[in-house]
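**Student:** Just entry_19.cif, nothing more (mmCIF, C-alpha atoms and all ligand atoms):
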```
data_entry
loop_
_atom_site.group_PDB
_atom_site.id
_atom_site.type_symbol
_atom_site.label_atom_id
_atom_site.label_comp_id
_atom_site.auth_asym_id
_atom_site.auth_seq_id
_atom_site.Cartn_x
_atom_site.Cartn_y
_atom_site.Cartn_z
ATOM 1 C CA MET A 7 -14.523 -89.322 39.570
ATOM 2 C CA ASN A 8 -11.776 -87.110 41.020
ATOM 3 C CA LEU A 9 -10.086 -84.397 38.947
ATOM 4 C CA GLU A 10 -7.183 -86.604 37.932
ATOM 5 C CA GLU A 11 -9.515 -89.349 36.683
ATOM 6 C CA GLU A 12 -11.748 -86.785 34.971
ATOM 7 C CA THR A 13 -8.760 -85.187 33.175
ATOM 8 C CA LYS A 14 -7.431 -88.567 32.028
ATOM 9 C CA PHE A 15 -10.931 -89.507 30.876
ATOM 10 C CA LEU A 16 -11.257 -86.312 28.785
ATOM 11 C CA ILE A 17 -7.766 -86.737 27.311
ATOM 12 C CA LYS A 18 -8.678 -90.293 26.252
ATOM 13 C CA LYS A 19 -12.202 -89.510 25.079
ATOM 14 C CA TYR A 20 -11.062 -86.705 22.793
ATOM 15 C CA ASN A 21 -7.792 -88.397 21.889
ATOM 16 C CA ILE A 22 -5.641 -85.350 22.685
ATOM 17 C CA SER A 23 -2.121 -84.856 23.966
ATOM 18 C CA ALA A 24 -0.957 -81.760 25.832
ATOM 19 C CA ASN A 25 0.567 -79.224 23.442
ATOM 20 C CA LYS A 26 3.816 -78.027 25.045
ATOM 21 C CA ASN A 27 4.072 -75.098 22.640
ATOM 22 C CA LEU A 28 0.805 -73.760 24.057
ATOM 23 C CA GLY A 29 1.931 -74.254 27.670
ATOM 24 C CA GLN A 30 -0.687 -76.942 28.304
ATOM 25 C CA ASN A 31 -0.383 -78.337 31.821
ATOM 26 C CA PHE A 32 -3.782 -79.378 33.085
ATOM 27 C CA LEU A 33 -4.665 -78.999 36.761
ATOM 28 C CA ILE A 34 -5.665 -82.228 38.503
ATOM 29 C CA ASP A 35 -5.538 -81.142 42.170
ATOM 30 C CA GLU A 36 -8.896 -80.382 43.748
ATOM 31 C CA ASN A 37 -7.303 -78.454 46.646
ATOM 32 C CA VAL A 38 -5.373 -76.172 44.302
ATOM 33 C CA VAL A 39 -8.504 -75.421 42.275
ATOM 34 C CA GLU A 40 -10.333 -74.643 45.518
ATOM 35 C CA SER A 41 -7.494 -72.352 46.683
ATOM 36 C CA ILE A 42 -7.563 -70.422 43.408
ATOM 37 C CA ILE A 43 -11.337 -69.908 43.652
ATOM 38 C CA ASN A 44 -11.052 -68.854 47.304
ATOM 39 C CA ALA A 45 -8.160 -66.475 46.614
ATOM 40 C CA ALA A 46 -10.174 -64.801 43.852
ATOM 41 C CA LYS A 47 -13.077 -64.383 46.317
ATOM 42 C CA ILE A 48 -15.601 -65.092 43.556
ATOM 43 C CA CYS A 49 -19.129 -64.035 44.398
ATOM 44 C CA GLU A 50 -22.384 -64.362 42.498
ATOM 45 C CA ASP A 51 -22.205 -60.875 40.959
ATOM 46 C CA ASP A 52 -18.734 -61.389 39.539
ATOM 47 C CA VAL A 53 -17.901 -61.693 35.877
ATOM 48 C CA VAL A 54 -14.801 -63.819 35.490
ATOM 49 C CA ILE A 55 -12.506 -63.709 32.508
ATOM 50 C CA GLU A 56 -10.589 -66.974 32.311
ATOM 51 C CA ILE A 57 -7.485 -67.058 30.115
ATOM 52 C CA GLY A 58 -6.658 -70.508 28.725
ATOM 53 C CA PRO A 59 -9.494 -72.683 30.084
ATOM 54 C CA GLY A 60 -8.001 -75.827 28.488
ATOM 55 C CA LEU A 61 -10.173 -78.851 29.319
ATOM 56 C CA GLY A 62 -12.329 -76.699 31.614
ATOM 57 C CA THR A 63 -11.232 -77.806 35.092
ATOM 58 C CA LEU A 64 -11.205 -74.314 36.626
ATOM 59 C CA THR A 65 -14.034 -73.204 34.336
ATOM 60 C CA ASN A 66 -16.332 -75.862 35.763
ATOM 61 C CA LYS A 67 -15.884 -74.484 39.304
ATOM 62 C CA LEU A 68 -16.054 -70.862 38.160
ATOM 63 C CA LEU A 69 -19.377 -71.489 36.404
ATOM 64 C CA GLN A 70 -20.910 -72.655 39.701
ATOM 65 C CA LYS A 71 -19.828 -69.468 41.527
ATOM 66 C CA ALA A 72 -19.823 -66.537 39.112
ATOM 67 C CA LYS A 73 -22.538 -64.639 37.305
ATOM 68 C CA LYS A 74 -20.736 -65.099 34.019
ATOM 69 C CA VAL A 75 -17.517 -66.719 32.806
ATOM 70 C CA ILE A 76 -15.855 -65.461 29.640
ATOM 71 C CA ALA A 77 -13.221 -67.988 28.600
ATOM 72 C CA ILE A 78 -10.537 -67.142 26.040
ATOM 73 C CA GLU A 79 -8.801 -70.135 24.448
ATOM 74 C CA LEU A 80 -6.565 -70.429 21.400
ATOM 75 C CA ASP A 81 -6.508 -74.176 20.797
ATOM 76 C CA ASP A 82 -9.277 -75.550 18.522
ATOM 77 C CA LYS A 83 -9.191 -78.942 20.221
ATOM 78 C CA MET A 84 -9.879 -77.360 23.616
ATOM 79 C CA ILE A 85 -12.577 -75.157 22.088
ATOM 80 C CA ASN A 86 -14.453 -78.251 20.823
ATOM 81 C CA ILE A 87 -14.270 -79.927 24.231
ATOM 82 C CA LEU A 88 -15.362 -76.784 26.103
ATOM 83 C CA LYS A 89 -18.300 -76.191 23.737
ATOM 84 C CA GLU A 90 -19.572 -79.694 24.291
ATOM 85 C CA ARG A 91 -18.832 -79.767 28.001
ATOM 86 C CA PHE A 92 -20.539 -76.491 28.931
ATOM 87 C CA LEU A 93 -23.249 -76.441 26.262
ATOM 88 C CA LEU A 94 -26.036 -76.051 28.788
ATOM 89 C CA TYR A 95 -24.526 -73.215 30.821
ATOM 90 C CA GLU A 96 -26.193 -69.908 30.042
ATOM 91 C CA ASN A 97 -23.504 -68.000 31.952
ATOM 92 C CA PHE A 98 -20.682 -69.319 29.733
ATOM 93 C CA VAL A 99 -19.131 -67.311 26.892
ATOM 94 C CA LEU A 100 -16.336 -68.923 24.892
ATOM 95 C CA LEU A 101 -13.973 -66.983 22.643
ATOM 96 C CA LYS A 102 -11.529 -68.649 20.294
ATOM 97 C CA GLU A 103 -8.783 -66.058 20.313
ATOM 98 C CA ASP A 104 -5.144 -65.398 21.121
ATOM 99 C CA VAL A 105 -5.439 -63.539 24.432
ATOM 100 C CA LEU A 106 -2.665 -61.165 23.375
ATOM 101 C CA ARG A 107 -4.858 -59.989 20.487
ATOM 102 C CA VAL A 108 -8.049 -59.476 22.471
ATOM 103 C CA ASN A 109 -9.373 -55.929 22.657
ATOM 104 C CA PHE A 110 -10.718 -56.036 26.221
ATOM 105 C CA GLU A 111 -12.399 -52.647 25.994
ATOM 106 C CA ASP A 112 -14.478 -53.823 23.007
ATOM 107 C CA LEU A 113 -15.100 -57.216 24.609
ATOM 108 C CA LEU A 114 -16.618 -55.669 27.729
ATOM 109 C CA ILE A 115 -18.843 -53.395 25.658
ATOM 110 C CA GLU A 116 -19.962 -56.287 23.389
ATOM 111 C CA GLN A 117 -20.794 -58.409 26.425
ATOM 112 C CA ASN A 118 -22.526 -55.462 28.118
ATOM 113 C CA ILE A 119 -20.514 -55.876 31.293
ATOM 114 C CA GLN A 120 -20.422 -53.421 34.197
ATOM 115 C CA LYS A 121 -16.842 -52.503 34.905
ATOM 116 C CA ASN A 122 -16.928 -52.817 38.682
ATOM 117 C CA ASN A 123 -17.107 -56.572 39.161
ATOM 118 C CA ILE A 124 -14.692 -58.185 36.739
ATOM 119 C CA LYS A 125 -12.014 -60.602 37.887
ATOM 120 C CA ILE A 126 -9.349 -62.431 35.921
ATOM 121 C CA VAL A 127 -8.723 -66.022 36.975
ATOM 122 C CA ALA A 128 -6.349 -68.365 35.168
ATOM 123 C CA ASN A 129 -3.805 -71.097 35.133
ATOM 124 C CA LEU A 130 -1.745 -69.132 32.633
ATOM 125 C CA PRO A 131 0.239 -70.473 29.680
ATOM 126 C CA TYR A 132 3.699 -69.793 31.167
ATOM 127 C CA TYR A 133 5.396 -68.895 27.871
ATOM 128 C CA ILE A 134 3.424 -65.636 27.703
ATOM 129 C CA THR A 135 2.845 -64.746 31.370
ATOM 130 C CA THR A 136 4.686 -61.408 31.301
ATOM 131 C CA PRO A 137 3.096 -60.177 28.027
ATOM 132 C CA ILE A 138 -0.371 -61.084 29.364
ATOM 133 C CA ILE A 139 0.086 -59.275 32.710
ATOM 134 C CA THR A 140 1.691 -56.287 30.979
ATOM 135 C CA LYS A 141 -1.183 -56.082 28.483
ATOM 136 C CA LEU A 142 -3.853 -56.220 31.204
ATOM 137 C CA LEU A 143 -2.143 -53.486 33.224
ATOM 138 C CA GLU A 144 -0.956 -51.169 30.448
ATOM 139 C CA GLU A 145 -4.318 -51.303 28.655
ATOM 140 C CA LYS A 146 -5.924 -50.523 32.020
ATOM 141 C CA VAL A 147 -8.437 -53.341 31.711
ATOM 142 C CA GLN A 148 -10.956 -52.476 34.407
ATOM 143 C CA VAL A 149 -10.703 -55.508 36.671
ATOM 144 C CA LYS A 150 -10.893 -55.853 40.441
ATOM 145 C CA SER A 151 -8.245 -58.509 40.710
ATOM 146 C CA ILE A 152 -6.074 -60.928 38.776
ATOM 147 C CA THR A 153 -5.620 -64.370 40.344
ATOM 148 C CA VAL A 154 -3.240 -66.507 38.344
ATOM 149 C CA MET A 155 -1.020 -69.567 38.435
ATOM 150 C CA VAL A 156 2.424 -68.668 37.139
ATOM 151 C CA GLN A 157 5.954 -70.011 37.187
ATOM 152 C CA LYS A 158 7.451 -69.611 40.700
ATOM 153 C CA GLU A 159 10.298 -67.297 39.569
ATOM 154 C CA VAL A 160 7.794 -65.090 37.780
ATOM 155 C CA ALA A 161 5.605 -65.043 40.893
ATOM 156 C CA ASP A 162 8.642 -63.808 42.848
ATOM 157 C CA ARG A 163 9.166 -61.003 40.330
ATOM 158 C CA LEU A 164 5.504 -60.001 40.133
ATOM 159 C CA THR A 165 5.158 -59.823 43.927
ATOM 160 C CA ALA A 166 8.597 -58.304 44.694
ATOM 161 C CA ILE A 167 8.965 -54.826 46.161
ATOM 162 C CA PRO A 168 10.414 -52.337 43.639
ATOM 163 C CA GLY A 169 14.056 -51.585 44.408
ATOM 164 C CA LYS A 170 14.498 -54.855 46.328
ATOM 165 C CA LYS A 171 15.548 -58.433 45.558
ATOM 166 C CA ASP A 172 13.760 -60.197 42.657
ATOM 167 C CA ALA A 173 12.346 -56.951 41.220
ATOM 168 C CA GLY A 174 12.332 -56.447 37.445
ATOM 169 C CA ALA A 175 10.795 -53.802 35.188
ATOM 170 C CA ILE A 176 7.383 -55.465 35.443
ATOM 171 C CA THR A 177 7.508 -55.266 39.261
ATOM 172 C CA TYR A 178 7.176 -51.460 39.022
ATOM 173 C CA CYS A 179 4.239 -51.771 36.647
ATOM 174 C CA VAL A 180 2.476 -54.281 38.933
ATOM 175 C CA TYR A 181 3.196 -52.257 42.088
ATOM 176 C CA TYR A 182 2.001 -49.038 40.468
ATOM 177 C CA TYR A 183 -1.439 -50.484 39.721
ATOM 178 C CA CYS A 184 -1.831 -53.368 42.205
ATOM 179 C CA GLU A 185 -1.259 -54.756 45.664
ATOM 180 C CA PRO A 186 0.337 -58.125 44.948
ATOM 181 C CA GLU A 187 -0.145 -61.132 47.196
ATOM 182 C CA LYS A 188 1.288 -64.652 47.159
ATOM 183 C CA VAL A 189 -1.315 -67.370 47.618
ATOM 184 C CA LEU A 190 0.103 -70.871 47.273
ATOM 185 C CA ILE A 191 3.127 -72.790 45.997
ATOM 186 C CA VAL A 192 1.862 -75.621 43.810
ATOM 187 C CA PRO A 193 3.752 -78.922 43.443
ATOM 188 C CA ASN A 194 4.516 -80.215 39.940
ATOM 189 C CA ASN A 195 2.406 -83.323 40.452
ATOM 190 C CA SER A 196 -0.730 -81.160 40.596
ATOM 191 C CA PHE A 197 -0.693 -81.097 36.788
ATOM 192 C CA ILE A 198 -0.831 -83.467 33.814
ATOM 193 C CA PRO A 199 1.770 -83.377 32.373
ATOM 194 C CA PRO A 200 3.880 -82.029 35.282
ATOM 195 C CA PRO A 201 5.647 -78.789 34.237
ATOM 196 C CA GLN A 202 9.464 -78.588 34.268
ATOM 197 C CA VAL A 203 9.320 -75.555 36.545
ATOM 198 C CA SER A 204 7.770 -74.833 39.950
ATOM 199 C CA SER A 205 4.454 -72.999 40.095
ATOM 200 C CA GLU A 206 2.760 -70.511 42.374
ATOM 201 C CA VAL A 207 -0.644 -68.861 42.588
ATOM 202 C CA ILE A 208 -0.690 -65.109 43.158
ATOM 203 C CA THR A 209 -3.360 -62.426 43.357
ATOM 204 C CA LEU A 210 -2.885 -58.877 42.104
ATOM 205 C CA ASN A 211 -5.528 -56.696 43.759
ATOM 206 C CA MET A 212 -6.080 -53.532 41.744
ATOM 207 C CA ARG A 213 -5.508 -50.314 43.681
ATOM 208 C CA LYS A 214 -8.261 -47.690 43.522
ATOM 209 C CA THR A 215 -5.607 -45.174 42.509
ATOM 210 C CA PRO A 216 -1.976 -45.813 41.544
ATOM 211 C CA ILE A 217 0.505 -45.820 44.433
ATOM 212 C CA VAL A 218 2.439 -42.773 43.152
ATOM 213 C CA ASN A 219 1.413 -39.622 41.287
ATOM 214 C CA LEU A 220 2.956 -39.416 37.853
ATOM 215 C CA LYS A 221 2.986 -36.411 35.580
ATOM 216 C CA ASN A 222 3.686 -38.633 32.594
ATOM 217 C CA GLU A 223 3.196 -42.395 32.863
ATOM 218 C CA LYS A 224 4.854 -43.004 29.506
ATOM 219 C CA ILE A 225 8.155 -41.424 30.575
ATOM 220 C CA PHE A 226 8.066 -43.245 33.911
ATOM 221 C CA PHE A 227 7.648 -46.677 32.286
ATOM 222 C CA GLN A 228 10.196 -45.866 29.565
ATOM 223 C CA MET A 229 12.719 -45.006 32.280
ATOM 224 C CA VAL A 230 12.030 -48.181 34.242
ATOM 225 C CA LYS A 231 12.261 -50.365 31.134
ATOM 226 C CA ALA A 232 15.484 -48.668 29.970
ATOM 227 C CA SER A 233 17.125 -49.180 33.394
ATOM 228 C CA PHE A 234 16.294 -52.872 33.486
ATOM 229 C CA MET A 235 17.244 -53.481 29.846
ATOM 230 C CA GLN A 236 20.773 -52.478 30.891
ATOM 231 C CA ARG A 237 20.625 -53.335 34.561
ATOM 232 C CA ARG A 238 24.429 -53.678 34.948
ATOM 233 C CA LYS A 239 24.855 -50.054 33.819
ATOM 234 C CA THR A 240 24.465 -47.020 36.037
ATOM 235 C CA LEU A 241 21.115 -45.251 35.788
ATOM 236 C CA ILE A 242 22.842 -42.266 34.167
ATOM 237 C CA ASN A 243 24.314 -44.442 31.395
ATOM 238 C CA ALA A 244 21.171 -46.544 30.886
ATOM 239 C CA LEU A 245 18.909 -43.494 30.471
ATOM 240 C CA ASN A 246 21.444 -41.699 28.299
ATOM 241 C CA ASN A 247 21.930 -44.779 26.043
ATOM 242 C CA ALA A 248 18.161 -45.111 25.672
ATOM 243 C CA GLY A 249 17.968 -41.483 24.544
ATOM 244 C CA ILE A 250 15.694 -40.501 27.428
ATOM 245 C CA ALA A 251 17.907 -37.716 28.829
ATOM 246 C CA SER A 252 21.515 -36.569 28.697
ATOM 247 C CA LYS A 253 24.025 -37.631 31.336
ATOM 248 C CA ASP A 254 24.233 -34.078 32.730
ATOM 249 C CA VAL A 255 20.493 -33.736 33.151
ATOM 250 C CA ILE A 256 20.180 -37.048 35.035
ATOM 251 C CA LYS A 257 23.276 -36.232 37.104
ATOM 252 C CA ASN A 258 21.769 -32.939 38.281
ATOM 253 C CA LEU A 259 18.437 -34.569 39.111
ATOM 254 C CA LEU A 260 20.136 -37.362 41.079
ATOM 255 C CA ASN A 261 22.101 -34.711 43.006
ATOM 256 C CA GLU A 262 18.869 -32.859 43.811
ATOM 257 C CA MET A 263 17.464 -36.133 45.130
ATOM 258 C CA ASN A 264 20.629 -36.857 47.158
ATOM 259 C CA LEU A 265 21.235 -40.069 45.207
ATOM 260 C CA SER A 266 24.661 -41.307 44.120
ATOM 261 C CA GLU A 267 25.679 -40.650 40.510
ATOM 262 C CA ASN A 268 26.700 -44.310 40.336
ATOM 263 C CA ILE A 269 23.358 -45.691 41.379
ATOM 264 C CA ARG A 270 21.747 -48.367 39.206
ATOM 265 C CA GLY A 271 18.084 -48.189 38.290
ATOM 266 C CA GLU A 272 17.339 -51.468 40.056
ATOM 267 C CA ALA A 273 18.175 -49.803 43.413
ATOM 268 C CA LEU A 274 15.480 -47.126 43.080
ATOM 269 C CA SER A 275 12.181 -47.439 44.900
ATOM 270 C CA ILE A 276 8.993 -46.707 42.975
ATOM 271 C CA GLU A 277 8.723 -43.343 44.775
ATOM 272 C CA GLN A 278 12.264 -42.418 43.674
ATOM 273 C CA PHE A 279 11.570 -43.430 40.058
ATOM 274 C CA ALA A 280 8.358 -41.394 40.191
ATOM 275 C CA GLU A 281 10.171 -38.346 41.581
ATOM 276 C CA LEU A 282 12.893 -38.622 38.947
ATOM 277 C CA SER A 283 10.434 -38.983 36.077
ATOM 278 C CA ASN A 284 8.289 -36.093 37.380
ATOM 279 C CA LYS A 285 11.394 -33.893 37.621
ATOM 280 C CA LEU A 286 12.350 -34.892 34.097
ATOM 281 C CA GLU A 287 8.869 -34.034 32.858
ATOM 282 C CA ASN A 288 9.240 -30.555 34.396
HETATM 283 N N1 LIG B 301 -7.045 -73.917 32.632
HETATM 284 C C1 LIG B 301 -6.583 -75.232 32.290
HETATM 285 C C2 LIG B 301 -6.170 -75.968 33.534
HETATM 286 O O1 LIG B 301 -5.926 -75.282 34.547
HETATM 287 O O2 LIG B 301 -6.122 -77.174 33.533
HETATM 288 C C3 LIG B 301 -5.440 -75.187 31.286
HETATM 289 C C4 LIG B 301 -4.280 -74.301 31.656
HETATM 290 S S1 LIG B 301 -2.881 -74.488 30.594
HETATM 291 C C5 LIG B 301 -1.587 -74.092 31.729
HETATM 292 C C6 LIG B 301 -2.877 -73.002 29.586
HETATM 293 C C7 LIG B 301 -4.003 -72.904 28.559
HETATM 294 O O3 LIG B 301 -3.824 -71.697 27.809
HETATM 295 C C8 LIG B 301 -4.055 -74.023 27.524
HETATM 296 O O4 LIG B 301 -5.367 -74.499 27.409
HETATM 297 C C9 LIG B 301 -3.612 -73.362 26.208
HETATM 298 O O5 LIG B 301 -4.174 -73.938 25.045
HETATM 299 C C10 LIG B 301 -4.093 -71.932 26.433
HETATM 300 N N2 LIG B 301 -3.350 -70.927 25.644
HETATM 301 C C11 LIG B 301 -2.058 -70.952 25.269
HETATM 302 N N3 LIG B 301 -1.725 -69.843 24.584
HETATM 303 C C12 LIG B 301 -2.849 -69.077 24.528
HETATM 304 C C13 LIG B 301 -3.142 -67.813 23.948
HETATM 305 N N4 LIG B 301 -2.197 -67.101 23.298
HETATM 306 N N5 LIG B 301 -4.398 -67.331 24.065
HETATM 307 C C14 LIG B 301 -5.358 -68.056 24.728
HETATM 308 N N6 LIG B 301 -5.123 -69.254 25.306
HETATM 309 C C15 LIG B 301 -3.891 -69.765 25.207
#
```
For this file, produce the structure as structure tokens.
Ligand code: SAM

**Tutor:**
Amino acid sequence: MNLEEETKFLIKKYNISANKNLGQNFLIDENVVESIINAAKICEDDVVIEIGPGLGTLTNKLLQKAKKVIAIELDDKMINILKERFLLYENFVLLKEDVLRVNFEDLLIEQNIQKNNIKIVANLPYYITTPIITKLLEEKVQVKSITVMVQKEVADRLTAIPGKKDAGAITYCVYYYCEPEKVLIVPNNSFIPPPQVSSEVITLNMRKTPIVNLKNEKIFFQMVKASFMQRRKTLINALNNAGIASKDVIKNLLNEMNLSENIRGEALSIEQFAELSNKLEN
């Protein structure tokens, strides 16, 4: 049975239909699954955290390669299928949980997992891609890499260079912690049901240390978020409106940095944002 036949068989056997509200688009393309596994460079010592295992297509491959697979799934119907399907695998841990509510620090302690060999692999539910990536990065979940299928436009934003085309607030967060890499554009007919949007696999490789030195991470990320919340406004106005600093203070700092007073936040590189936030902290 190929993956498409297997998926249709499971859907029929368990009498389920894909729940759009939960972003359920099941992978049926063997080559795409293989590319995801290869991009994640799974080896036998790795512990993989899979977000949204669904019917278990990726999970099945991950279980053959990794030391342990911890799968986090919200949907009861999927949980029942996964329990039955992978009953005999000793390296399989299944959690019925909303991924956005998982305390990863506690999870890793409970599962007695060394922090140096954890990888996230997932065909993500697209409706919560940005909150999931933000949570993993901001909570500093100690992973080596994050290899995920996401909506193409989101892939462009997550892998953009800060200050350049396609960048958003999350681009700075990703670039601060990770080296992003595009892996593969995935056609819509690689899924059942086909999603309305195009998809792409990306890998975020965690840096050993962040790319810039920050005196205060909180201020840095507040500044970035404030600039992109009002991206049509000048940086001076956006930061002033957000109550981060007065117009005069920002104006003086921009002058010190030889930047125009009319510059918008979206034009700043990560180094420039870092310098500005460090100056502000002083
Ligand atoms: N991994 C499967 C595959 O590739 O065929 C399914 C991927 S499907 C795009 C996304 C999966 O995430 C679904 O199984 C869905 O039920 C699950 N999901 C949606 N929201 C979730 C949440 N908040 N927490 C955990 N899982 C969630």

**Student:** Restricting the calculation to all atoms listed in the file: of A:Ser252, A:Thr136, A:Gln30, A:Thr209, which residue gets closest to ligand LIG 301 (chain B)?

**Tutor:** A:Gln30

**Student:** Could you jot down the atom N2 of ligand LIG 301 (chain B) to atom CA of Asn122 of chain A separation for me, Å, one decimal place?

**Tutor:** 26.1 Å

**Student:** List the neighbours of Ile167 of chain A out to 9 Å using all atoms listed in the file; skip same-chain residues closer than 3 positions along the sequence, and give me the result as a VMD selection string.

**Tutor:** chain A and resid 163 to 164 170 to 173 177 to 178 181 275 to 276

**Student:** Selected residues, C-alpha atoms, written as a PDB file, in the frame of the given file, please.

**Tutor:**
```pdb
ATOM      1  CA  ARG A 163       9.166 -61.003  40.330  1.00  0.00           C
ATOM      2  CA  LEU A 164       5.504 -60.001  40.133  1.00  0.00           C
ATOM      3  CA  LYS A 170      14.498 -54.855  46.328  1.00  0.00           C
ATOM      4  CA  LYS A 171      15.548 -58.433  45.558  1.00  0.00           C
ATOM      5  CA  ASP A 172      13.760 -60.197  42.657  1.00  0.00           C
ATOM      6  CA  ALA A 173      12.346 -56.951  41.220  1.00  0.00           C
ATOM      7  CA  THR A 177       7.508 -55.266  39.261  1.00  0.00           C
ATOM      8  CA  TYR A 178       7.176 -51.460  39.022  1.00  0.00           C
ATOM      9  CA  TYR A 181       3.196 -52.257  42.088  1.00  0.00           C
ATOM     10  CA  SER A 275      12.181 -47.439  44.900  1.00  0.00           C
ATOM     11  CA  ILE A 276       8.993 -46.707  42.975  1.00  0.00           C
TER      12      ILE A 276
END
```

**Student:** On this structure, the PyMOL selection byres (((chain A and resi 48) around 12) and not hetatm) would catch which residues? List them as number ranges by chain, sorted by chain and number.

**Tutor:** A: 40-47, 49-55, 67-75, 123-127, 150-153

**Student:** Please define a box with edges along x, y and z of the file around all atoms of ligand LIG 301 (chain B) given in the file, extend it by 6 Å on each side, and return its centre and edge lengths in Å to one decimal, as JSON.

**Tutor:**
```
{"center_x": -4.3, "center_y": -72.1, "center_z": 28.9, "size_x": 17.5, "size_y": 22.1, "size_z": 23.2}
```

**Student:** When the PyMOL selection byres (((chain A and resi 206) around 6) and not hetatm) is applied to the file above, which residues end up in the set, as a list in words?

**Tutor:** Met155, Val156, Lys158, Leu190, Ile191, Val192, Ser205 and Val207 of chain A

**Student:** Show me which residues line ligand LIG 301 (chain B), defined as having an atom within 6 Å of a ligand atom where all atoms listed in the file count, and present them as a ChimeraX atom specification.

**Tutor:** /A:28-33,57-64,78-81,103-106,129-131

**Student:** Hey, which of A:Gln157, A:Asn288, A:Gln120, A:Asn219 ends up closest to Pro193 of chain A? Count all atoms listed in the file.

**Tutor:**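 Checking each of A:Gln157, A:Asn288, A:Gln120, A:Asn219 against Pro193 of chain A, counting all atoms listed in the file, the winner is A:Gln157.
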
**Student:** My list of candidates is A:Ala273, A:Ser204, A:Ile87, A:Phe227. Which is closest to Lys18 of chain A when distances are computed with all atoms listed in the file?

**Tutor:**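 Comparing A:Ala273, A:Ser204, A:Ile87, A:Phe227 against Lys18 of chain A, the winner is A:Ile87.
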
**Student:** My list of candidates is A:Asn27, A:Tyr133, A:Val147, A:Lys188. Which is closest to Glu111 of chain A when distances are computed with only C-alpha atoms?

**Tutor:**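 Among the listed residues, the smallest separation from Glu111 of chain A belongs to A:Val147.
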
**Student:** Between A:Asp162, A:Glu281, A:Glu223, A:Asp112, single out the one closest to Glu187 of chain A, counting all atoms listed in the file.

**Tutor:** A:Asp162

**Student:** Which residue out of A:Asn261, A:Val203, A:Glu10, A:Val149 has the minimum interatomic distance to Ile242 of chain A when all atoms listed in the file are used?

**Tutor:**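 With all atoms listed in the file as the atom set, the closest residue is A:Asn261.
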
**Student:** For Leu259 of chain A, list every protein, DNA or RNA residue within 10 Å, evaluated using only C-alpha atoms, and leave out those in the same chain fewer than 2 positions away; present the list as number ranges by chain.

**Tutor:** A: 254-257, 261-265, 267, 281-283, 285-286

**Student:** Name every residue that the PyMOL selection byres (((chain A and resi 110) around 9) and not hetatm) selects in this structure, writing the answer as JSON, numbers by chain with chains first and numbers rising.

**Tutor:** {"A": [108, 109, 111, 112, 113, 114, 115, 142, 145, 147, 148]}

**Student:** Report the distance between atom CA of Met212 of chain A and atom CA of Tyr183 of chain A in Å, rounded to one decimal place.

**Tutor:**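 Computing it gives 5.9 Å between the two atoms.
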
**Student:** What does the structure give for the distance between atom CA of Arg237 of chain A and atom CA of Val160 of chain A, in Å to one decimal?

**Tutor:**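 Distance reported for this atom pair: 17.7 Å.
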
**Student:** Quick one: everything within 10 Å of Gln228 of chain A, counting only C-alpha atoms, minus sequence neighbours fewer than 3 positions away in the same chain. Send it as an NGL selection string.

**Tutor:** :A and (175 or 223-225 or 231-233 or 245 or 248 or 250 or 283)

**Student:** Residues as selected, C-alpha atoms, written as a PDB file, in the frame of the given file, can you do that?

**Tutor:**
```pdb
ATOM      1  CA  ALA A 175      10.795 -53.802  35.188  1.00  0.00           C
ATOM      2  CA  GLU A 223       3.196 -42.395  32.863  1.00  0.00           C
ATOM      3  CA  LYS A 224       4.854 -43.004  29.506  1.00  0.00           C
ATOM      4  CA  ILE A 225       8.155 -41.424  30.575  1.00  0.00           C
ATOM      5  CA  LYS A 231      12.261 -50.365  31.134  1.00  0.00           C
ATOM      6  CA  ALA A 232      15.484 -48.668  29.970  1.00  0.00           C
ATOM      7  CA  SER A 233      17.125 -49.180  33.394  1.00  0.00           C
ATOM      8  CA  LEU A 245      18.909 -43.494  30.471  1.00  0.00           C
ATOM      9  CA  ALA A 248      18.161 -45.111  25.672  1.00  0.00           C
ATOM     10  CA  ILE A 250      15.694 -40.501  27.428  1.00  0.00           C
ATOM     11  CA  SER A 283      10.434 -38.983  36.077  1.00  0.00           C
TER      12      SER A 283
END
```
